[in-house]
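Have a look at upload-v9.pdb; it's PDB, C-alpha atoms:
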```pdb
ATOM      1  CA  MET A   3    -154.626   1.334  70.132
ATOM      2  CA  ILE A   4    -153.604  -2.133  69.024
ATOM      3  CA  THR A   5    -151.480  -4.298  71.272
ATOM      4  CA  PHE A   6    -148.965  -6.528  69.532
ATOM      5  CA  PRO A   7    -148.869  -9.413  69.134
ATOM      6  CA  VAL A   8    -152.434  -9.568  67.852
ATOM      7  CA  SER A   9    -154.212 -12.717  69.008
ATOM      8  CA  VAL A  10    -154.803 -15.330  66.337
ATOM      9  CA  THR A  11    -156.219 -17.851  68.780
ATOM     10  CA  ALA A  12    -158.886 -19.793  66.921
ATOM     11  CA  ASP A  13    -160.352 -23.208  66.254
ATOM     12  CA  TRP A  14    -157.584 -24.284  63.864
ATOM     13  CA  GLN A  15    -158.405 -27.366  61.773
ATOM     14  CA  LEU A  16    -156.542 -29.262  59.097
ATOM     15  CA  GLY A  17    -157.364 -27.560  55.824
ATOM     16  CA  THR A  18    -158.022 -30.843  54.073
ATOM     17  CA  SER A  19    -160.718 -31.718  56.625
ATOM     18  CA  ILE A  20    -162.933 -28.740  55.756
ATOM     19  CA  ASN A  21    -165.172 -29.585  52.819
ATOM     20  CA  TYR A  22    -167.300 -26.449  52.461
ATOM     21  CA  LEU A  23    -164.696 -24.112  50.949
ATOM     22  CA  SER A  24    -165.268 -22.568  47.533
ATOM     23  CA  CYS A  25    -162.711 -23.375  44.830
ATOM     24  CA  ASN A  26    -161.205 -19.902  45.194
ATOM     25  CA  GLU A  27    -160.968 -20.243  48.995
ATOM     26  CA  GLN A  28    -159.274 -23.632  48.610
ATOM     27  CA  ASP A  29    -156.899 -22.197  46.038
ATOM     28  CA  TRP A  30    -155.707 -19.484  48.432
ATOM     29  CA  LEU A  31    -155.975 -21.196  51.811
ATOM     30  CA  LEU A  32    -154.363 -24.479  50.814
ATOM     31  CA  GLU A  33    -151.637 -23.016  48.557
ATOM     32  CA  PRO A  34    -148.582 -25.142  49.436
ATOM     33  CA  ASN A  35    -146.043 -22.760  47.933
ATOM     34  CA  SER A  36    -145.214 -19.166  48.791
ATOM     35  CA  LEU A  37    -148.242 -16.956  49.454
ATOM     36  CA  THR A  38    -145.958 -13.997  48.710
ATOM     37  CA  ALA A  39    -145.211 -15.345  45.227
ATOM     38  CA  LYS A  40    -148.917 -15.985  44.598
ATOM     39  CA  LEU A  41    -149.828 -12.450  45.662
ATOM     40  CA  LYS A  42    -147.105 -10.986  43.444
ATOM     41  CA  THR A  43    -148.711 -12.593  40.388
ATOM     42  CA  GLN A  44    -151.977 -10.778  41.141
ATOM     43  CA  CYS A  45    -150.796  -7.200  41.540
ATOM     44  CA  GLY A  46    -148.598  -4.560  39.990
ATOM     45  CA  GLU A  47    -146.735  -3.548  43.144
ATOM     46  CA  PHE A  48    -146.223  -5.832  46.121
ATOM     47  CA  SER A  49    -144.942  -4.491  49.436
ATOM     48  CA  VAL A  50    -144.556  -5.413  53.093
ATOM     49  CA  LYS A  51    -145.362  -3.148  56.026
ATOM     50  CA  VAL A  52    -143.743  -4.236  59.293
ATOM     51  CA  LEU A  53    -146.142  -3.658  62.190
ATOM     52  CA  SER A  54    -144.096  -5.152  65.015
ATOM     53  CA  GLU A  55    -140.918  -7.139  65.498
ATOM     54  CA  LYS A  56    -139.773  -8.005  69.005
ATOM     55  CA  GLU A  57    -138.813 -10.633  71.521
ATOM     56  CA  PHE A  58    -141.745 -12.098  73.360
ATOM     57  CA  GLU A  59    -142.467 -14.853  75.842
ATOM     58  CA  LEU A  60    -143.759 -17.921  74.032
ATOM     59  CA  SER A  61    -146.966 -19.415  75.375
ATOM     60  CA  ILE A  62    -147.017 -23.071  76.331
ATOM     61  CA  SER A  63    -149.071 -23.874  73.218
ATOM     62  CA  GLN A  64    -146.523 -22.036  71.025
ATOM     63  CA  GLN A  65    -143.694 -23.963  72.684
ATOM     64  CA  GLN A  66    -145.564 -27.188  71.947
ATOM     65  CA  LEU A  67    -146.225 -26.213  68.320
ATOM     66  CA  LEU A  68    -142.570 -25.277  67.854
ATOM     67  CA  ASP A  69    -141.392 -28.375  69.750
ATOM     68  CA  CYS A  70    -139.067 -26.313  71.923
ATOM     69  CA  SER A  71    -138.436 -25.622  75.575
ATOM     70  CA  LYS A  72    -137.267 -22.056  75.015
ATOM     71  CA  ARG A  73    -139.427 -19.470  76.720
ATOM     72  CA  ILE A  74    -138.328 -16.481  74.659
ATOM     73  CA  GLY A  75    -139.205 -16.168  71.009
ATOM     74  CA  ILE A  76    -139.216 -13.607  68.259
ATOM     75  CA  ASN A  77    -142.535 -12.342  66.923
ATOM     76  CA  ARG A  78    -142.809 -10.504  63.596
ATOM     77  CA  GLU A  79    -146.102  -9.050  62.380
ATOM     78  CA  VAL A  80    -146.564  -7.597  58.917
ATOM     79  CA  LEU A  81    -149.120  -6.588  56.342
ATOM     80  CA  LEU A  82    -148.737  -7.885  52.793
ATOM     81  CA  LEU A  83    -149.986  -5.247  50.361
ATOM     82  CA  CYS A  84    -150.911  -5.385  46.694
ATOM     83  CA  ASP A  85    -150.958  -2.007  44.968
ATOM     84  CA  GLY A  86    -151.051  -0.363  48.403
ATOM     85  CA  ILE A  87    -154.073  -2.368  49.605
ATOM     86  CA  PRO A  88    -153.570  -4.618  52.674
ATOM     87  CA  MET A  89    -154.357  -8.174  51.611
ATOM     88  CA  VAL A  90    -152.904 -10.327  54.380
ATOM     89  CA  TYR A  91    -151.932  -9.842  58.005
ATOM     90  CA  ALA A  92    -149.116 -12.278  58.797
ATOM     91  CA  GLN A  93    -147.257 -13.147  61.934
ATOM     92  CA  SER A  94    -144.317 -15.427  62.510
ATOM     93  CA  TRP A  95    -143.003 -16.873  65.751
ATOM     94  CA  LEU A  96    -139.652 -18.532  66.260
ATOM     95  CA  PRO A  97    -137.662 -19.489  69.351
ATOM     96  CA  ALA A  98    -134.774 -17.131  70.120
ATOM     97  CA  THR A  99    -131.448 -18.839  69.328
ATOM     98  CA  ASP A 100    -128.034 -17.917  67.954
ATOM     99  CA  ASP A 101    -128.584 -19.890  64.746
ATOM    100  CA  MET A 102    -127.246 -18.078  61.651
ATOM    101  CA  GLN A 103    -130.295 -18.873  59.530
ATOM    102  CA  GLN A 104    -132.456 -17.431  62.262
ATOM    103  CA  GLN A 105    -130.358 -14.267  62.203
ATOM    104  CA  GLN A 106    -131.157 -13.958  58.488
ATOM    105  CA  LEU A 107    -134.849 -14.283  59.268
ATOM    106  CA  LEU A 108    -134.567 -11.513  61.843
ATOM    107  CA  ALA A 109    -132.854  -9.153  59.399
ATOM    108  CA  LEU A 110    -135.662  -9.144  56.834
ATOM    109  CA  GLY A 111    -136.756  -5.548  57.283
ATOM    110  CA  ASN A 112    -139.457  -4.902  54.661
ATOM    111  CA  ARG A 113    -138.639  -8.046  52.699
ATOM    112  CA  PRO A 114    -141.250 -10.809  52.805
ATOM    113  CA  LEU A 115    -140.390 -13.960  54.734
ATOM    114  CA  GLY A 116    -141.655 -16.056  51.816
ATOM    115  CA  ASP A 117    -138.975 -14.637  49.505
ATOM    116  CA  VAL A 118    -136.306 -15.972  51.849
ATOM    117  CA  ILE A 119    -137.561 -19.308  53.101
ATOM    118  CA  PHE A 120    -138.909 -20.711  49.845
ATOM    119  CA  GLN A 121    -135.415 -20.342  48.308
ATOM    120  CA  HIS A 122    -134.155 -23.184  50.521
ATOM    121  CA  PRO A 123    -134.523 -26.710  49.108
ATOM    122  CA  ASP A 124    -134.446 -28.154  52.658
ATOM    123  CA  LEU A 125    -137.550 -26.237  53.763
ATOM    124  CA  LYS A 126    -140.242 -28.458  55.266
ATOM    125  CA  ARG A 127    -143.813 -27.480  56.092
ATOM    126  CA  THR A 128    -146.485 -29.150  58.183
ATOM    127  CA  GLU A 129    -149.975 -29.564  56.795
ATOM    128  CA  ILE A 130    -151.810 -26.249  56.564
ATOM    129  CA  GLU A 131    -154.423 -25.552  59.223
ATOM    130  CA  ILE A 132    -157.207 -23.055  58.617
ATOM    131  CA  ALA A 133    -159.583 -21.109  60.847
ATOM    132  CA  ARG A 134    -162.447 -18.657  60.543
ATOM    133  CA  PHE A 135    -162.270 -15.387  62.506
ATOM    134  CA  ASP A 136    -165.683 -13.906  63.303
ATOM    135  CA  CYS A 137    -166.453 -10.183  63.475
ATOM    136  CA  GLN A 138    -165.833 -10.076  67.251
ATOM    137  CA  HIS A 139    -162.375 -11.661  67.107
ATOM    138  CA  PRO A 140    -159.489  -9.446  68.360
ATOM    139  CA  VAL A 141    -157.863  -9.533  64.899
ATOM    140  CA  GLN A 142    -160.796  -7.418  63.675
ATOM    141  CA  GLN A 143    -159.435  -4.475  65.705
ATOM    142  CA  LEU A 144    -156.389  -4.495  63.438
ATOM    143  CA  VAL A 145    -158.562  -4.893  60.352
ATOM    144  CA  SER A 146    -160.623  -1.828  61.288
ATOM    145  CA  GLN A 147    -157.503   0.329  60.949
ATOM    146  CA  TYR A 148    -157.109  -0.610  57.294
ATOM    147  CA  SER A 149    -160.594  -1.431  56.030
ATOM    148  CA  ALA A 150    -164.137  -0.175  56.519
ATOM    149  CA  ALA A 151    -165.414  -3.669  55.741
ATOM    150  CA  THR A 152    -166.150  -5.985  58.643
ATOM    151  CA  LYS A 153    -166.775  -9.607  57.845
ATOM    152  CA  PRO A 154    -165.622 -13.026  58.991
ATOM    153  CA  LEU A 155    -162.082 -13.685  57.820
ATOM    154  CA  TRP A 156    -160.197 -16.809  56.840
ATOM    155  CA  GLY A 157    -156.726 -17.560  58.118
ATOM    156  CA  ARG A 158    -154.167 -20.289  57.725
ATOM    157  CA  ARG A 159    -151.105 -21.401  59.643
ATOM    158  CA  SER A 160    -148.361 -23.964  59.477
ATOM    159  CA  ILE A 161    -145.003 -24.803  60.976
ATOM    160  CA  PHE A 162    -141.890 -24.515  58.850
ATOM    161  CA  SER A 163    -138.598 -26.286  59.516
ATOM    162  CA  LEU A 164    -135.320 -25.085  58.093
ATOM    163  CA  ALA A 165    -132.062 -26.600  59.349
ATOM    164  CA  GLN A 166    -132.374 -26.444  63.150
ATOM    165  CA  SER A 167    -135.044 -23.734  63.176
ATOM    166  CA  ARG A 168    -138.790 -24.287  63.480
ATOM    167  CA  PHE A 169    -141.153 -21.371  63.105
ATOM    168  CA  LEU A 170    -144.880 -20.813  63.092
ATOM    169  CA  VAL A 171    -146.438 -18.634  60.402
ATOM    170  CA  ALA A 172    -150.075 -17.506  60.549
ATOM    171  CA  GLU A 173    -151.701 -15.544  57.726
ATOM    172  CA  ILE A 174    -155.100 -13.851  57.990
ATOM    173  CA  PHE A 175    -156.748 -12.827  54.727
ATOM    174  CA  LEU A 176    -158.056  -9.273  55.090
ATOM    175  CA  PRO A 177    -161.424  -8.112  53.653
ATOM    176  CA  GLU A 178    -160.016  -6.959  50.289
ATOM    177  CA  ALA A 179    -157.990 -10.146  49.713
ATOM    178  CA  TYR A 180    -158.366 -12.007  46.415
ATOM    179  CA  LEU A 181    -159.591 -15.033  48.374
ATOM    180  CA  TYR A 182    -162.989 -13.335  48.785
ATOM    181  CA  LEU A 183    -163.532 -12.507  45.093
TER     182      LEU A 183
END
```
Could you spell out this file's structure in structure tokens?
Amino acid sequence: MITFPVSVTADWQLGTSINYLSCNEQDWLLEPNSLTAKLKTQCGEFSVKVLSEKEFELSISQQQLLDCSKRIGINREVLLLCDGIPMVYAQSWLPATDDMQQQQLLALGNRPLGDVIFQHPDLKRTEIEIARFDCQHPVQQLVSQYSAATKPLWGRRSIFSLAQSRFLVAEIFLPEAYLYL
């Protein structure tokens, strides 16, 4: 049984500092715009499967990344699917507040976060960090539920700012993702 939130602790590095990525890996990992929109161009039917959405205690490192002193945050974990095939495991963390824009983010249901946040002209994003997840990483336990393939996986993360809200989004590319083609 999988315990949520799934750990995405890794050796995160600035994406621009890694010089051994293939062109296709760079194209997917360093995409500055919506990953949701990019995935939608590659498949006939795009969907989101919500795995978990709940309040959770933010770790000290998450508080530092989000530049907040709040101890309670909201964690949302989803799969992004193309034609029914899981392509990306994504999780988002944001501090719990009463902000109206945050309430919109919490009411997404099966809608992708990217469809909402990239509509806002005031959206800001930190530089993308990337990490490699080996076959023993805890995220592989989740992968094994959706894929027979076991291989090292790439992930990316960044911090978004919208009005008064800051949130962390991490995306792990699953074995069948277009990034590996």
What gap, in Å, lies between CA of Val118 in chain A and CA of Ala12 in chain A?
-> 27.4 Å
When the PyMOL selection byres ((chain A and resi 116) around 10) is applied to the file above, which residues end up in the set, as a ChimeraX atom specification?
-> /A:35-39,113-115,117-121
Could you list the residues chosen by the PyMOL selection byres ((chain A and resi 173) around 7) in this structure as a compact mmCIF listing (two decimals) with C-alpha atoms, keeping the file's coordinate frame?
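What landed in expr09.txt:
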```
# COMPACT_ATOMS: atom_id res chain seq x y z
CA VAL A 90 -152.90 -10.33 54.38
CA TYR A 91 -151.93 -9.84 58.00
CA ALA A 92 -149.12 -12.28 58.80
CA GLN A 93 -147.26 -13.15 61.93
CA GLY A 157 -156.73 -17.56 58.12
CA ARG A 158 -154.17 -20.29 57.72
CA ARG A 159 -151.10 -21.40 59.64
CA VAL A 171 -146.44 -18.63 60.40
CA ALA A 172 -150.07 -17.51 60.55
CA ILE A 174 -155.10 -13.85 57.99
CA PHE A 175 -156.75 -12.83 54.73
```
Give me the residues near range 139-141 of chain A as a compact mmCIF listing (two decimals) with C-alpha atoms, in the coordinates of the input, where near means some atom within 9 Å (using all atoms listed in the file) and where sequence neighbours in that chain fewer than 3 positions away do not count.
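What ended up in result-v7.txt:
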```txt
# COMPACT_ATOMS: atom_id res chain seq x y z
CA VAL A 8 -152.43 -9.57 67.85
CA SER A 9 -154.21 -12.72 69.01
CA VAL A 10 -154.80 -15.33 66.34
CA THR A 11 -156.22 -17.85 68.78
CA ALA A 12 -158.89 -19.79 66.92
CA PHE A 135 -162.27 -15.39 62.51
CA ASP A 136 -165.68 -13.91 63.30
CA LEU A 144 -156.39 -4.50 63.44
CA VAL A 145 -158.56 -4.89 60.35
CA SER A 146 -160.62 -1.83 61.29
CA PRO A 154 -165.62 -13.03 58.99
CA ILE A 174 -155.10 -13.85 57.99
```
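Reported to one decimal place, the separation of CA of Ser71 in chain A from CA of Pro34 in chain A is 28.0 Å.
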Got a sec: who's within 8 Å of Ile76 in chain A, counting only C-alpha atoms, leaving out chain neighbours fewer than 6 positions off, as a list of chain:residue names?
->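 Listed by chain and then number, they are A:Glu55, A:Lys56, A:Glu57, A:Phe58, A:Ser94, A:Trp95, A:Leu96, A:Pro97, A:Ala98.
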Would you save the residues from that selection as a compact mmCIF listing (two decimals), in the frame of the given file, using C-alpha atoms?
```txt
# COMPACT_ATOMS: atom_id res chain seq x y z
CA GLU A 55 -140.92 -7.14 65.50
CA LYS A 56 -139.77 -8.01 69.00
CA GLU A 57 -138.81 -10.63 71.52
CA PHE A 58 -141.74 -12.10 73.36
CA SER A 94 -144.32 -15.43 62.51
CA TRP A 95 -143.00 -16.87 65.75
CA LEU A 96 -139.65 -18.53 66.26
CA PRO A 97 -137.66 -19.49 69.35
CA ALA A 98 -134.77 -17.13 70.12
```
Taking into account all atoms listed in the file, which residue in the set A:Tyr22, A:Trp14, A:Phe169, A:Phe48 is nearest to Glu131 in chain A?
-> A:Trp14
Between A:Trp30, A:Phe6, A:Phe162, A:Tyr180, which one has atoms that come closest to Pro88 in chain A, using all atoms listed in the file?
->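 Selected residue with least distance to Pro88 in chain A: A:Tyr180.
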Selection under test: the PyMOL selection byres ((chain A and resi 68) around 8); residues as an mmCIF file with C-alpha atoms, in the coordinates of the input:
```cif
data_model
loop_
_atom_site.group_PDB
_atom_site.id
_atom_site.type_symbol
_atom_site.label_atom_id
_atom_site.label_comp_id
_atom_site.auth_asym_id
_atom_site.auth_seq_id
_atom_site.Cartn_x
_atom_site.Cartn_y
_atom_site.Cartn_z
ATOM 1 C CA GLN A 64 -146.523 -22.036 71.025
ATOM 2 C CA GLN A 65 -143.694 -23.963 72.684
ATOM 3 C CA GLN A 66 -145.564 -27.188 71.947
ATOM 4 C CA LEU A 67 -146.225 -26.213 68.320
ATOM 5 C CA ASP A 69 -141.392 -28.375 69.750
ATOM 6 C CA CYS A 70 -139.067 -26.313 71.923
ATOM 7 C CA LEU A 96 -139.652 -18.532 66.260
ATOM 8 C CA PRO A 97 -137.662 -19.489 69.351
ATOM 9 C CA ILE A 161 -145.003 -24.803 60.976
ATOM 10 C CA ARG A 168 -138.790 -24.287 63.480
ATOM 11 C CA PHE A 169 -141.153 -21.371 63.105
ATOM 12 C CA LEU A 170 -144.880 -20.813 63.092
#
```
So which one's closest to Lys40 in chain A, A:Met89, A:Leu164, A:Val80, A:Val52? Using all atoms listed in the file, please.
->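 Distance minimum relative to Lys40 in chain A lands on A:Met89.
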Which of these residues is nearest to Cys137 in chain A, using only C-alpha atoms: A:Asn112, A:Gln166, A:Leu176, A:His122?
-> A:Leu176
Could you jot down the CA of Gly75 in chain A to CA of Ser149 in chain A separation for me, Å, one decimal place?
-> 30.0 Å
Mind working out the centre and edge lengths of an axis-aligned box for range 5-19 of chain A, all listed atoms inside, 8 Å added to each side, rounded to one decimal in Å and written as JSON?
```
{"center_x": -154.8, "center_y": -18.0, "center_z": 62.7, "size_x": 27.8, "size_y": 43.4, "size_z": 33.2}
```
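Using all atoms listed in the file for every distance, the candidate list A:Cys84, A:Ala150, A:Ala109, A:Leu181 yields A:Cys84 as the residue closest to Gln44 in chain A.
Residue nearest Asp29 in chain A within the list A:Lys42, A:Leu60, A:Leu183, A:Arg127: A:Leu183 [criterion: smallest interatomic distance, only C-alpha atoms].
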Tell me which protein, DNA and RNA residues are within 12 Å of Ile20 in chain A, counting all atoms listed in the file, leaving out same-chain ones fewer than 5 positions away, and put them as a PyMOL selection string.
-> chain A and resi 14-15+27-28+31-32+130-134
Generate the coordinates of N, CA and C atoms for range 112-133 of chain A; report them as a PDB file, in the coordinates of the input.
```
ATOM      1  N   ASN A 112    -138.207  -4.910  55.432  1.00  0.00           N
ATOM      2  CA  ASN A 112    -139.457  -4.902  54.661  1.00  0.00           C
ATOM      3  C   ASN A 112    -139.511  -5.985  53.588  1.00  0.00           C
ATOM      4  N   ARG A 113    -138.583  -6.926  53.647  1.00  0.00           N
ATOM      5  CA  ARG A 113    -138.639  -8.046  52.699  1.00  0.00           C
ATOM      6  C   ARG A 113    -139.600  -9.106  53.230  1.00  0.00           C
ATOM      7  N   PRO A 114    -140.333  -9.757  52.347  1.00  0.00           N
ATOM      8  CA  PRO A 114    -141.250 -10.809  52.805  1.00  0.00           C
ATOM      9  C   PRO A 114    -140.500 -12.081  53.202  1.00  0.00           C
ATOM     10  N   LEU A 115    -140.962 -12.702  54.258  1.00  0.00           N
ATOM     11  CA  LEU A 115    -140.390 -13.960  54.734  1.00  0.00           C
ATOM     12  C   LEU A 115    -140.422 -15.015  53.636  1.00  0.00           C
ATOM     13  N   GLY A 116    -141.517 -15.062  52.882  1.00  0.00           N
ATOM     14  CA  GLY A 116    -141.655 -16.056  51.816  1.00  0.00           C
ATOM     15  C   GLY A 116    -140.554 -15.983  50.777  1.00  0.00           C
ATOM     16  N   ASP A 117    -140.062 -14.778  50.479  1.00  0.00           N
ATOM     17  CA  ASP A 117    -138.975 -14.637  49.505  1.00  0.00           C
ATOM     18  C   ASP A 117    -137.699 -15.304  49.981  1.00  0.00           C
ATOM     19  N   VAL A 118    -137.525 -15.393  51.287  1.00  0.00           N
ATOM     20  CA  VAL A 118    -136.306 -15.972  51.849  1.00  0.00           C
ATOM     21  C   VAL A 118    -136.447 -17.475  52.047  1.00  0.00           C
ATOM     22  N   ILE A 119    -137.499 -17.895  52.717  1.00  0.00           N
ATOM     23  CA  ILE A 119    -137.561 -19.308  53.101  1.00  0.00           C
ATOM     24  C   ILE A 119    -137.828 -20.246  51.939  1.00  0.00           C
ATOM     25  N   PHE A 120    -138.590 -19.811  50.953  1.00  0.00           N
ATOM     26  CA  PHE A 120    -138.909 -20.711  49.845  1.00  0.00           C
ATOM     27  C   PHE A 120    -137.752 -20.856  48.859  1.00  0.00           C
ATOM     28  N   GLN A 121    -136.633 -20.171  49.106  1.00  0.00           N
ATOM     29  CA  GLN A 121    -135.415 -20.342  48.308  1.00  0.00           C
ATOM     30  C   GLN A 121    -134.646 -21.592  48.738  1.00  0.00           C
ATOM     31  N   HIS A 122    -134.915 -22.076  49.946  1.00  0.00           N
ATOM     32  CA  HIS A 122    -134.155 -23.184  50.521  1.00  0.00           C
ATOM     33  C   HIS A 122    -134.773 -24.529  50.145  1.00  0.00           C
ATOM     34  N   PRO A 123    -133.989 -25.399  49.495  1.00  0.00           N
ATOM     35  CA  PRO A 123    -134.523 -26.710  49.108  1.00  0.00           C
ATOM     36  C   PRO A 123    -134.829 -27.615  50.306  1.00  0.00           C
ATOM     37  N   ASP A 124    -134.232 -27.322  51.470  1.00  0.00           N
ATOM     38  CA  ASP A 124    -134.446 -28.154  52.658  1.00  0.00           C
ATOM     39  C   ASP A 124    -135.661 -27.728  53.477  1.00  0.00           C
ATOM     40  N   LEU A 125    -136.393 -26.727  53.020  1.00  0.00           N
ATOM     41  CA  LEU A 125    -137.550 -26.237  53.763  1.00  0.00           C
ATOM     42  C   LEU A 125    -138.623 -27.320  53.848  1.00  0.00           C
ATOM     43  N   LYS A 126    -139.142 -27.512  55.055  1.00  0.00           N
ATOM     44  CA  LYS A 126    -140.242 -28.458  55.266  1.00  0.00           C
ATOM     45  C   LYS A 126    -141.404 -27.689  55.894  1.00  0.00           C
ATOM     46  N   ARG A 127    -142.616 -28.151  55.589  1.00  0.00           N
ATOM     47  CA  ARG A 127    -143.813 -27.480  56.092  1.00  0.00           C
ATOM     48  C   ARG A 127    -144.809 -28.524  56.567  1.00  0.00           C
ATOM     49  N   THR A 128    -145.423 -28.261  57.717  1.00  0.00           N
ATOM     50  CA  THR A 128    -146.485 -29.150  58.183  1.00  0.00           C
ATOM     51  C   THR A 128    -147.737 -28.893  57.348  1.00  0.00           C
ATOM     52  N   GLU A 129    -148.712 -29.763  57.507  1.00  0.00           N
ATOM     53  CA  GLU A 129    -149.975 -29.564  56.795  1.00  0.00           C
ATOM     54  C   GLU A 129    -150.607 -28.240  57.234  1.00  0.00           C
ATOM     55  N   ILE A 130    -151.199 -27.548  56.292  1.00  0.00           N
ATOM     56  CA  ILE A 130    -151.810 -26.249  56.564  1.00  0.00           C
ATOM     57  C   ILE A 130    -153.086 -26.432  57.382  1.00  0.00           C
ATOM     58  N   GLU A 131    -153.203 -25.621  58.432  1.00  0.00           N
ATOM     59  CA  GLU A 131    -154.423 -25.552  59.223  1.00  0.00           C
ATOM     60  C   GLU A 131    -155.139 -24.253  58.865  1.00  0.00           C
ATOM     61  N   ILE A 132    -156.461 -24.279  58.907  1.00  0.00           N
ATOM     62  CA  ILE A 132    -157.207 -23.055  58.617  1.00  0.00           C
ATOM     63  C   ILE A 132    -158.213 -22.786  59.734  1.00  0.00           C
ATOM     64  N   ALA A 133    -158.608 -21.522  59.833  1.00  0.00           N
ATOM     65  CA  ALA A 133    -159.583 -21.109  60.847  1.00  0.00           C
ATOM     66  C   ALA A 133    -160.385 -19.938  60.313  1.00  0.00           C
TER      67      ALA A 133
END
```
